[in-house]
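One file, work-v1.tsv, is given below (TSV, C-alpha atoms).
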```
chain	number	residue	atom	x	y	z
Z	1	MET	CA	0.00	0.00	0.00
Z	2	PRO	CA	2.30	2.76	-1.23
Z	3	ASP	CA	0.01	5.72	-0.54
Z	4	ALA	CA	-0.61	4.89	3.11
Z	5	GLY	CA	0.99	6.82	5.95
Z	6	PHE	CA	2.20	5.45	9.27
Z	7	PRO	CA	2.05	8.21	11.88
Z	8	ALA	CA	3.91	7.64	15.15
Z	9	ASN	CA	1.63	6.35	17.89
Z	10	PRO	CA	3.13	5.09	21.15
Z	11	GLN	CA	0.07	3.04	22.07
Z	12	PHE	CA	-1.25	1.40	18.92
Z	13	SER	CA	-0.07	0.67	15.43
Z	14	GLU	CA	-1.60	3.28	13.19
Z	15	ILE	CA	-2.25	3.59	9.50
Z	16	LEU	CA	-3.51	6.56	7.51
Z	17	VAL	CA	-5.23	5.36	4.35
Z	18	PRO	CA	-6.55	7.48	1.49
Z	19	LYS	CA	-10.29	8.02	1.50
Z	20	ASP	CA	-11.01	6.04	-1.67
Z	21	ARG	CA	-9.17	2.98	-0.37
Z	22	TYR	CA	-10.56	3.12	3.18
Z	23	TYR	CA	-13.36	0.62	2.65
Z	24	ASP	CA	-11.25	-1.87	0.68
Z	25	PHE	CA	-8.50	-1.69	3.28
Z	26	CYS	CA	-10.98	-2.37	6.08
Z	27	ARG	CA	-12.43	-5.31	4.20
Z	28	THR	CA	-8.98	-6.74	3.61
Z	29	ILE	CA	-7.87	-6.61	7.23
Z	30	LYS	CA	-11.16	-8.11	8.31
Z	31	THR	CA	-11.28	-11.00	5.91
Z	32	SER	CA	-7.58	-11.89	5.76
Z	33	PRO	CA	-7.08	-15.00	7.96
Z	34	ASP	CA	-3.64	-13.77	9.06
Z	35	LEU	CA	-4.96	-10.47	10.35
Z	36	PHE	CA	-8.56	-11.28	11.30
Z	37	PHE	CA	-9.56	-7.86	12.66
Z	38	ASP	CA	-13.01	-9.00	13.70
Z	39	TYR	CA	-13.94	-6.41	16.31
Z	40	LEU	CA	-14.45	-2.67	15.81
Z	41	ILE	CA	-13.83	-1.00	19.17
Z	42	SER	CA	-14.76	2.51	18.15
Z	43	LEU	CA	-15.33	4.72	15.17
Z	44	THR	CA	-15.25	8.45	15.61
Z	45	ALA	CA	-14.19	11.65	13.90
Z	46	VAL	CA	-11.96	14.62	14.70
Z	47	ASP	CA	-12.40	18.15	13.42
Z	48	TRP	CA	-8.99	19.63	12.52
Z	49	ASN	CA	-10.57	22.82	11.06
Z	50	ASP	CA	-9.11	22.38	7.55
Z	51	HIS	CA	-9.97	18.70	7.36
Z	52	PHE	CA	-11.80	15.95	9.21
Z	53	MET	CA	-10.27	12.67	10.29
Z	54	ILE	CA	-12.17	9.42	10.68
Z	55	VAL	CA	-10.55	7.32	13.42
Z	56	CYS	CA	-11.31	3.60	13.82
Z	57	HIS	CA	-9.92	1.36	16.52
Z	58	ILE	CA	-10.08	-2.21	15.31
Z	59	THR	CA	-8.88	-5.28	17.13
Z	60	SER	CA	-8.63	-9.00	16.62
Z	61	THR	CA	-10.11	-11.24	19.28
Z	62	ARG	CA	-8.15	-14.18	17.88
Z	63	TYR	CA	-4.65	-12.63	17.73
Z	64	ARG	CA	-5.07	-9.81	20.26
Z	65	HIS	CA	-3.58	-7.16	18.01
Z	66	THR	CA	-5.07	-3.71	17.55
Z	67	LEU	CA	-4.85	-1.26	14.69
Z	68	VAL	CA	-5.90	2.36	14.38
Z	69	VAL	CA	-7.20	3.12	10.90
Z	70	LYS	CA	-7.52	6.76	9.97
Z	71	THR	CA	-8.71	8.46	6.86
Z	72	ARG	CA	-8.66	12.12	5.97
Z	73	LEU	CA	-11.65	14.04	4.57
Z	74	GLU	CA	-10.74	17.38	3.01
Z	75	GLY	CA	-12.91	20.46	3.31
Z	76	ARG	CA	-15.96	21.16	5.47
Z	77	GLU	CA	-18.98	20.74	3.20
Z	78	GLU	CA	-20.52	17.68	1.53
Z	79	LEU	CA	-18.27	15.29	3.39
Z	80	SER	CA	-18.80	11.65	2.63
Z	81	VAL	CA	-17.00	8.36	2.99
Z	82	LYS	CA	-17.97	4.77	2.35
Z	83	SER	CA	-19.69	3.06	5.26
Z	84	ILE	CA	-18.00	0.08	6.89
Z	85	SER	CA	-21.17	-0.99	8.65
Z	86	ASP	CA	-21.55	-4.07	6.44
Z	87	LEU	CA	-18.16	-5.28	7.71
Z	88	TRP	CA	-18.72	-4.53	11.38
Z	89	LYS	CA	-22.35	-4.14	12.40
Z	90	THR	CA	-21.24	-1.95	15.34
Z	91	ALA	CA	-20.24	0.75	12.90
Z	92	GLU	CA	-23.89	1.35	12.10
Z	93	TYR	CA	-24.48	3.23	15.34
Z	94	HIS	CA	-21.01	4.75	15.44
Z	95	GLU	CA	-21.49	6.18	11.98
Z	96	ARG	CA	-24.91	7.50	12.88
Z	97	GLU	CA	-23.36	9.28	15.84
Z	98	VAL	CA	-20.59	10.76	13.70
Z	99	PHE	CA	-23.20	11.89	11.19
Z	100	ASP	CA	-25.27	13.40	14.00
Z	101	LEU	CA	-22.44	15.37	15.60
Z	102	PHE	CA	-20.08	16.11	12.67
Z	103	GLY	CA	-22.31	15.97	9.60
Z	104	ILE	CA	-20.19	13.42	7.76
Z	105	ARG	CA	-22.25	11.23	5.43
Z	106	PHE	CA	-21.58	7.51	5.13
Z	107	LEU	CA	-22.37	6.05	1.74
Z	108	ASN	CA	-24.26	2.73	1.63
Z	109	HIS	CA	-25.24	3.09	5.28
Z	110	PRO	CA	-28.53	1.21	5.79
Z	111	ASP	CA	-30.17	3.72	8.13
Z	112	LEU	CA	-28.36	7.06	8.26
Z	113	ARG	CA	-30.63	9.09	10.54
Z	114	ARG	CA	-29.65	11.42	13.36
Z	115	LEU	CA	-28.99	9.51	16.55
Z	116	PHE	CA	-29.61	12.05	19.35
Z	117	LEU	CA	-30.52	15.45	18.00
Z	118	GLU	CA	-33.40	16.94	16.08
Z	119	ASP	CA	-33.32	16.98	12.30
Z	120	ASP	CA	-32.83	20.75	12.06
Z	121	TYR	CA	-30.04	20.88	14.65
Z	122	GLY	CA	-26.55	21.84	13.46
Z	123	TYR	CA	-23.52	19.64	13.92
Z	124	PRO	CA	-22.45	20.58	17.45
Z	125	LEU	CA	-19.03	18.90	17.63
Z	126	ARG	CA	-17.76	20.90	14.68
Z	127	LYS	CA	-15.32	23.56	15.80
Z	128	ASP	CA	-17.28	26.34	14.09
Z	129	PHE	CA	-20.64	25.39	15.64
Z	130	THR	CA	-22.39	28.10	17.63
Z	131	ASP	CA	-25.87	28.32	19.09
Z	132	GLU	CA	-27.01	31.67	20.43
Z	133	THR	CA	-29.86	30.35	22.56
Z	134	ARG	CA	-28.33	27.25	24.09
Z	135	MET	CA	-24.67	28.19	24.49
Z	136	ILE	CA	-22.78	30.64	26.64
Z	137	ILE	CA	-19.61	31.27	24.68
Z	138	LYS	CA	-16.48	32.02	26.65
Y	1	MET	CA	-24.74	30.36	55.70
Y	2	ALA	CA	-25.87	31.04	59.25
Y	3	GLN	CA	-28.29	33.87	58.61
Y	4	LYS	CA	-29.38	33.18	55.03
Y	5	SER	CA	-33.12	33.47	54.80
Y	6	THR	CA	-35.40	31.78	52.31
Y	7	SER	CA	-38.56	33.02	50.67
Y	8	MET	CA	-40.50	31.89	53.73
Y	9	GLY	CA	-38.43	33.93	56.09
Y	10	ILE	CA	-36.90	30.98	57.90
Y	11	LYS	CA	-33.37	31.37	59.08
Y	12	ILE	CA	-31.31	28.50	57.75
Y	13	LYS	CA	-28.87	27.73	60.48
Y	14	SER	CA	-25.58	25.94	60.61
Y	15	MET	CA	-25.32	22.37	61.82
Y	16	ASP	CA	-25.10	23.36	65.46
Y	17	TYR	CA	-27.03	20.60	67.18
Y	18	GLY	CA	-28.88	22.88	69.51
Y	19	ASP	CA	-30.17	24.95	66.60
Y	20	PHE	CA	-31.93	21.96	65.14
Y	21	LYS	CA	-33.92	21.59	68.30
Y	22	ASP	CA	-35.46	25.02	68.56
Y	23	ASN	CA	-37.35	25.67	65.36
Y	24	GLU	CA	-40.47	23.69	66.24
Y	25	THR	CA	-41.54	26.20	68.82
Y	26	LEU	CA	-40.26	29.66	68.09
Y	27	GLU	CA	-40.34	29.84	64.33
Y	28	LEU	CA	-43.64	28.07	63.89
Y	29	LEU	CA	-45.41	30.18	66.49
Y	30	SER	CA	-44.05	33.42	65.17
Y	31	ARG	CA	-45.17	32.48	61.68
Y	32	SER	CA	-48.66	31.11	62.19
Y	33	GLY	CA	-49.64	33.11	65.24
Y	34	THR	CA	-52.23	30.51	66.31
Y	35	SER	CA	-52.97	29.12	69.72
Y	36	VAL	CA	-50.43	27.00	71.47
Y	37	LEU	CA	-52.62	23.88	71.14
Y	38	LEU	CA	-52.95	24.19	67.38
Y	39	SER	CA	-49.30	24.89	67.04
Y	40	THR	CA	-48.56	21.77	68.97
Y	41	ILE	CA	-50.71	19.71	66.64
Y	42	ASP	CA	-49.09	21.42	63.70
Y	43	SER	CA	-45.70	20.61	65.02
Y	44	ILE	CA	-46.64	16.96	65.53
Y	45	VAL	CA	-47.96	16.68	61.98
Y	46	ASN	CA	-44.92	18.46	60.62
Y	47	TRP	CA	-42.65	16.28	62.70
Y	48	GLY	CA	-44.18	13.29	60.97
Y	49	ARG	CA	-43.95	14.83	57.52
Y	50	ALA	CA	-40.37	15.96	57.98
Y	51	ASN	CA	-39.29	12.53	59.15
Y	52	SER	CA	-40.76	10.55	56.28
Y	53	ILE	CA	-39.68	12.31	53.13
Y	54	TRP	CA	-39.41	9.64	50.48
Y	55	PRO	CA	-37.20	10.41	47.51
Y	56	LEU	CA	-37.77	9.57	43.90
Y	57	THR	CA	-35.34	7.19	42.25
Y	58	PHE	CA	-33.83	9.76	39.94
Y	59	ALA	CA	-30.14	10.23	39.16
Y	60	THR	CA	-28.57	11.35	35.92
Y	61	SER	CA	-24.83	11.14	36.60
Y	62	CYS	CA	-22.04	11.00	39.20
Y	63	CYS	CA	-24.03	12.81	41.89
Y	64	GLY	CA	-26.34	9.82	41.74
Y	65	ILE	CA	-23.47	7.62	42.91
Y	66	GLU	CA	-23.00	9.86	45.93
Y	67	MET	CA	-26.74	9.79	46.53
Y	68	MET	CA	-26.63	5.98	46.47
Y	69	ALA	CA	-23.72	6.11	48.92
Y	70	THR	CA	-25.84	8.35	51.13
Y	71	GLY	CA	-28.53	5.70	51.11
Y	72	ALA	CA	-26.10	2.84	51.68
Y	73	PRO	CA	-25.25	1.51	55.17
Y	74	ARG	CA	-22.24	3.72	55.97
Y	75	HIS	CA	-24.18	6.98	55.72
Y	76	ASP	CA	-27.70	5.59	55.70
Y	77	PHE	CA	-30.13	8.47	55.27
Y	78	ALA	CA	-32.93	6.21	56.45
Y	79	ARG	CA	-31.81	7.47	59.85
Y	80	PHE	CA	-33.45	10.76	58.92
Y	81	GLY	CA	-36.60	9.20	57.55
Y	82	VAL	CA	-35.57	9.55	53.95
Y	83	GLU	CA	-36.56	6.01	54.09
Y	84	VAL	CA	-37.06	4.40	50.78
Y	85	TYR	CA	-36.53	5.29	47.15
Y	86	ARG	CA	-39.82	5.24	45.30
Y	87	ALA	CA	-39.80	4.06	41.73
Y	88	THR	CA	-42.76	6.24	40.84
Y	89	PRO	CA	-43.19	9.97	41.31
Y	90	ARG	CA	-46.74	9.37	42.55
Y	91	GLN	CA	-45.36	8.07	45.84
Y	92	ALA	CA	-42.44	10.45	46.23
Y	93	ASP	CA	-42.19	13.54	48.44
Y	94	VAL	CA	-38.82	14.84	47.33
Y	95	ILE	CA	-36.90	14.67	44.10
Y	96	VAL	CA	-33.15	14.82	44.58
Y	97	VAL	CA	-31.99	16.04	41.19
Y	98	ALA	CA	-28.58	14.39	41.18
Y	99	GLY	CA	-26.64	15.10	38.03
Y	100	THR	CA	-26.43	17.07	34.83
Y	101	ILE	CA	-29.75	17.89	33.21
Y	102	VAL	CA	-29.42	18.24	29.46
Y	103	HIS	CA	-32.03	19.86	27.26
Y	104	LYS	CA	-33.28	16.47	26.14
Y	105	MET	CA	-33.78	15.41	29.77
Y	106	ALA	CA	-35.49	18.65	30.79
Y	107	PRO	CA	-39.04	17.69	29.66
Y	108	VAL	CA	-38.69	14.37	31.47
Y	109	LEU	CA	-37.67	16.06	34.70
Y	110	LYS	CA	-40.53	18.54	34.38
Y	111	ARG	CA	-43.00	15.71	33.83
Y	112	LEU	CA	-41.69	13.78	36.85
Y	113	TYR	CA	-41.98	16.88	39.00
Y	114	ASP	CA	-45.51	17.50	37.77
Y	115	GLN	CA	-46.49	13.91	38.54
Y	116	MET	CA	-45.42	14.16	42.18
Y	117	PRO	CA	-48.27	14.87	44.60
Y	118	ASP	CA	-48.22	18.02	46.70
Y	119	PRO	CA	-46.53	18.82	49.01
Y	120	LYS	CA	-43.38	18.18	47.03
Y	121	TYR	CA	-39.82	19.29	47.48
Y	122	VAL	CA	-36.79	19.59	45.26
Y	123	ILE	CA	-33.15	19.24	46.29
Y	124	ALA	CA	-30.70	20.43	43.65
Y	125	MET	CA	-27.63	18.30	44.25
Y	126	GLY	CA	-24.31	19.29	42.74
Y	127	ALA	CA	-22.89	22.04	40.58
Y	128	CYS	CA	-24.62	20.91	37.38
Y	129	THR	CA	-28.12	21.20	38.76
Y	130	ILE	CA	-27.37	24.52	40.45
Y	131	SER	CA	-25.83	26.38	37.51
Y	132	GLY	CA	-24.70	23.97	34.82
Y	133	GLY	CA	-21.42	23.63	36.71
Y	134	PRO	CA	-18.46	22.61	34.56
Y	135	PHE	CA	-20.71	22.75	31.50
Y	136	TYR	CA	-21.63	26.40	31.98
Y	137	TYR	CA	-19.51	27.67	29.08
Y	138	ASN	CA	-19.43	26.40	25.50
Y	139	SER	CA	-21.85	23.54	25.99
Y	140	TYR	CA	-24.69	23.12	23.56
Y	141	SER	CA	-26.60	20.54	25.54
Y	142	VAL	CA	-26.70	21.36	29.26
Y	143	LEU	CA	-29.46	23.20	31.11
Y	144	ARG	CA	-27.90	26.03	33.18
Y	145	GLY	CA	-29.46	25.09	36.50
Y	146	ILE	CA	-32.72	23.28	37.15
Y	147	ASP	CA	-34.23	26.35	38.82
Y	148	GLN	CA	-34.94	27.50	35.27
Y	149	LEU	CA	-37.31	24.55	35.11
Y	150	ILE	CA	-38.71	23.69	38.56
Y	151	PRO	CA	-38.65	25.45	41.94
Y	152	VAL	CA	-35.79	24.34	44.17
Y	153	ASP	CA	-35.97	24.13	47.97
Y	154	VAL	CA	-32.42	23.23	48.91
Y	155	TYR	CA	-29.22	23.66	46.94
Y	156	VAL	CA	-26.38	21.28	47.82
Y	157	PRO	CA	-23.15	22.50	46.21
Y	158	GLY	CA	-20.27	20.24	45.32
Y	159	CYS	CA	-18.95	18.30	42.38
Y	160	PRO	CA	-20.21	15.89	43.48
Y	161	PRO	CA	-21.18	16.74	47.09
Y	162	ARG	CA	-20.09	14.28	49.73
Y	163	PRO	CA	-22.82	12.20	51.39
Y	164	GLU	CA	-22.48	14.36	54.51
Y	165	ALA	CA	-23.34	17.40	52.39
Y	166	LEU	CA	-26.47	15.72	51.08
Y	167	LEU	CA	-27.42	14.70	54.62
Y	168	TYR	CA	-27.00	18.33	55.65
Y	169	GLY	CA	-29.21	19.40	52.76
Y	170	ILE	CA	-31.84	16.88	53.80
Y	171	MET	CA	-31.74	18.16	57.37
Y	172	GLN	CA	-32.18	21.72	56.14
Y	173	LEU	CA	-35.17	20.55	54.13
Y	174	GLN	CA	-36.56	18.97	57.30
Y	175	ARG	CA	-36.17	22.30	59.09
Y	176	LYS	CA	-38.04	23.98	56.26
Y	177	ILE	CA	-40.85	21.43	56.42
Y	178	LYS	CA	-41.11	21.72	60.19
Y	179	ALA	CA	-41.66	25.46	59.95
Y	180	GLU	CA	-44.41	25.12	57.33
Y	181	HIS	CA	-48.12	25.21	57.89
Y	182	PRO	CA	-49.13	21.55	57.54
Y	183	THR	CA	-52.41	22.24	55.76
Y	184	GLY	CA	-50.36	23.79	53.06
Y	185	SER	CA	-50.50	27.53	52.89
Y	186	LYS	CA	-49.32	27.99	49.37
Y	187	ARG	CA	-45.60	27.88	49.17
Y	188	GLU	CA	-43.83	30.71	47.46
Y	189	THR	CA	-41.91	29.29	44.57
Y	190	PRO	CA	-38.43	30.62	43.90
Y	191	VAL	CA	-39.24	30.68	40.19
Y	192	LYS	CA	-41.48	33.46	38.94
Y	193	PRO	CA	-44.06	32.27	36.40
Y	194	GLY	CA	-42.52	34.22	33.55
Y	195	GLU	CA	-39.12	32.73	34.22
Y	196	ASN	CA	-40.30	29.14	34.14
Y	197	GLN	CA	-39.06	28.41	30.65
Y	198	ALA	CA	-37.02	25.32	30.05
Y	199	PHE	CA	-34.79	26.69	27.35
Y	200	ARG	CA	-34.24	30.24	28.49
Y	201	ILE	CA	-30.61	30.94	29.29
Y	202	ASP	CA	-29.19	34.24	30.37
Y	203	GLY	CA	-26.10	35.35	28.53
```
How would this structure read if it were set down as C-alpha cells?
Amino acid sequence: MPDAGFPANPQFSEILVPKDRYYDFCRTIKTSPDLFFDYLISLTAVDWNDHFMIVCHITSTRYRHTLVVKTRLEGREELSVKSISDLWKTAEYHEREVFDLFGIRFLNHPDLRRLFLEDDYGYPLRKDFTDETRMIIK
Amino acid sequence: MAQKSTSMGIKIKSMDYGDFKDNETLELLSRSGTSVLLSTIDSIVNWGRANSIWPLTFATSCCGIEMMATGAPRHDFARFGVEVYRATPRQADVIVVAGTIVHKMAPVLKRLYDQMPDPKYVIAMGACTISGGPFYYNSYSVLRGIDQLIPVDVYVPGCPPRPEALLYGIMQLQRKIKAEHPTGSKRETPVKPGENQAFRIDG
C-alpha cells in the first residue's frame, strides 16, 4: 500500500489510508485470515478545522492485536466516505453518531438518521458550531 | 450560611445541634400566630412529615453515585426518615436532582416533577443542577441550573457533594418542612411564572 501513511503512535499501530481505499483496506484486514480484525472497538471523527479525520480502533479477538485506521476528509462541506457498517455491524451506530455530531455522510449506510438530535439541529461537535440560545460562549 | 433566609423567612442555620432543636416552637409560632394547642398539633404533623420524606429514584450522573452512597449503610439516610426510594413519582415527596440535566432530559424532569403529589420538594444536588457547573460555558446541551425549570428548595453545592453534604441538605429541608403550615398555605416558589421556561438561558 504505497500511498498509506504510518504516523507515530506510542500506544497502537496506526495507519492513515486514502479516502477512496478506506473501505477496501478495512475489508482486507477483516477478511484476511492472518490479520482477522473482527472487532471494531470505536469509530469516531476529529475536526482539525481544515480537514476531518475518521478514526477507527479495530482489534482481533483471535490474535489480540489492535490497529488504528484513519482516513482524511478534506474540506468542510458535503463530506462523505464509504460506510464500513456491512463489515462490522457496530459501525452502524457509530457512523450514525458521527453523522449526527459532525455531519459526515456515510455512503451505503442502511439507516443514516440522526442519533440524538433533532433533524434541524446543526452539527455541534464541529469547531465552528455556535448556538445563540443554548450556548454561553467564553 | 448562618443567617441566610429563604422566601419563607426561615433562618437556615448551621449544623449546630442545639439549633436543630429550637425551630419547632419559636419559628412556627411566630409564623402562624395561632394558639399553642394548634401549634402543637401542627408541630406533631410536621414532625411526621419531615421525618418521612421519600425520595424519587432519579439520578442522571455521578451525583447519583454519591446519593446511592448516602442511602447505603455507611451513611444511611434512612436514619433521617428519607426512608425508601420510590420508583414512581406518585409516591415520592422529594426529588433529589442528582446530576447534569441536558435539554433532552429537561421535559422528562418537568414531567416527573408535575407527577409528584403536593406537598413536594426539590433538592438540587451538585454544581450541574445549580448552575450547569463545569458545562456552563461552550456547551450546547446542558441546562444552566434546574431552577430554570422547577422550583428548588435546597441547593447542595459540590462536584459531586459528599454524602455528609447531602445529609446536611436533607436536614435543612426537614427544618423547612417543620416550619411550614401543615395544611399547606401555598408555598412561594423561587421561580417566577414568567421565568419558568425550560430553554431560556441568560447570557
Using only C-alpha atoms, I'd like a table of the residues in chain Z that come within 8 Å of chain Y; for each, show the closest atom pair and its distance in Å rounded to one decimal, ordered by chain and ascending number, as CSV.
```
residue,atom,partner,partner_atom,distance
Z:Pro124,CA,Y:Tyr140,CA,7.0
Z:Asp131,CA,Y:Tyr140,CA,7.0
Z:Thr133,CA,Y:Ile201,CA,6.8
Z:Arg134,CA,Y:Tyr140,CA,5.5
Z:Met135,CA,Y:Tyr140,CA,5.2
Z:Ile136,CA,Y:Tyr137,CA,5.0
Z:Ile137,CA,Y:Asn138,CA,4.9
Z:Lys138,CA,Y:Tyr137,CA,5.8
```
Could you take the residues named above and write them with C-alpha atoms, as a short mmCIF file (atom, residue, chain, number, x, y, z; two decimals), in the coordinates of the input?
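Resulting contents of result-v3.cif:
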```
data_model
loop_
_atom_site.label_atom_id
_atom_site.label_comp_id
_atom_site.auth_asym_id
_atom_site.auth_seq_id
_atom_site.Cartn_x
_atom_site.Cartn_y
_atom_site.Cartn_z
CA PRO Z 124 -22.45 20.58 17.45
CA ASP Z 131 -25.87 28.32 19.09
CA THR Z 133 -29.86 30.35 22.56
CA ARG Z 134 -28.33 27.25 24.09
CA MET Z 135 -24.67 28.19 24.49
CA ILE Z 136 -22.78 30.64 26.64
CA ILE Z 137 -19.61 31.27 24.68
CA LYS Z 138 -16.48 32.02 26.65
#
```
Quiz prompt | Spatial neighbours of His65 in chain Z, 10 Å, all atoms listed in the file, chain gap at least 2 places, as a ChimeraX atom specification | solution = /Z:12-13,35-37,58-63,67
Exercise. Tell me which protein, DNA and RNA residues are within 10 Å of Cys26 in chain Z, counting all atoms listed in the file, leaving out same-chain ones fewer than 6 positions away, and put them as a ChimeraX atom specification.
Key: /Z:17,37,56,58,69,84,87-88
Exercise. Quick one: pull the distance between CA of Leu167 in chain Y and CA of Ala87 in chain Y, Å, one decimal.
Key: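 CA of Ala87 in chain Y lies at a distance of 20.8 Å from CA of Leu167 in chain Y.
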Quiz item: Which residue, Z:Thr71, Z:Thr90, Z:Ala45, Z:Thr28, has the smallest gap to Gly103 in chain Z when you use all atoms listed in the file?
Solution: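 Going through Z:Thr71, Z:Thr90, Z:Ala45, Z:Thr28 one by one, the smallest distance to Gly103 in chain Z is for Z:Ala45.
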Practice problem: For Phe99 in chain Z, work out the shell of residues within 10 Å, counting all atoms listed in the file and skipping chain neighbours fewer than 2 positions away, then give it as number ranges by chain. | Solution: Z: 44-45, 79-80, 93-97, 101-106, 112-115, 123
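If you look at CA of Asp86 in chain Z and CA of Ala4 in chain Z, they are 23.0 Å away from each other.
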Self-check item: Gap from CA of Ser42 in chain Z to CA of Gly133 in chain Y - Å, one decimal
Solution: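 Separation between CA of Ser42 in chain Z and CA of Gly133 in chain Y: 28.9 Å.
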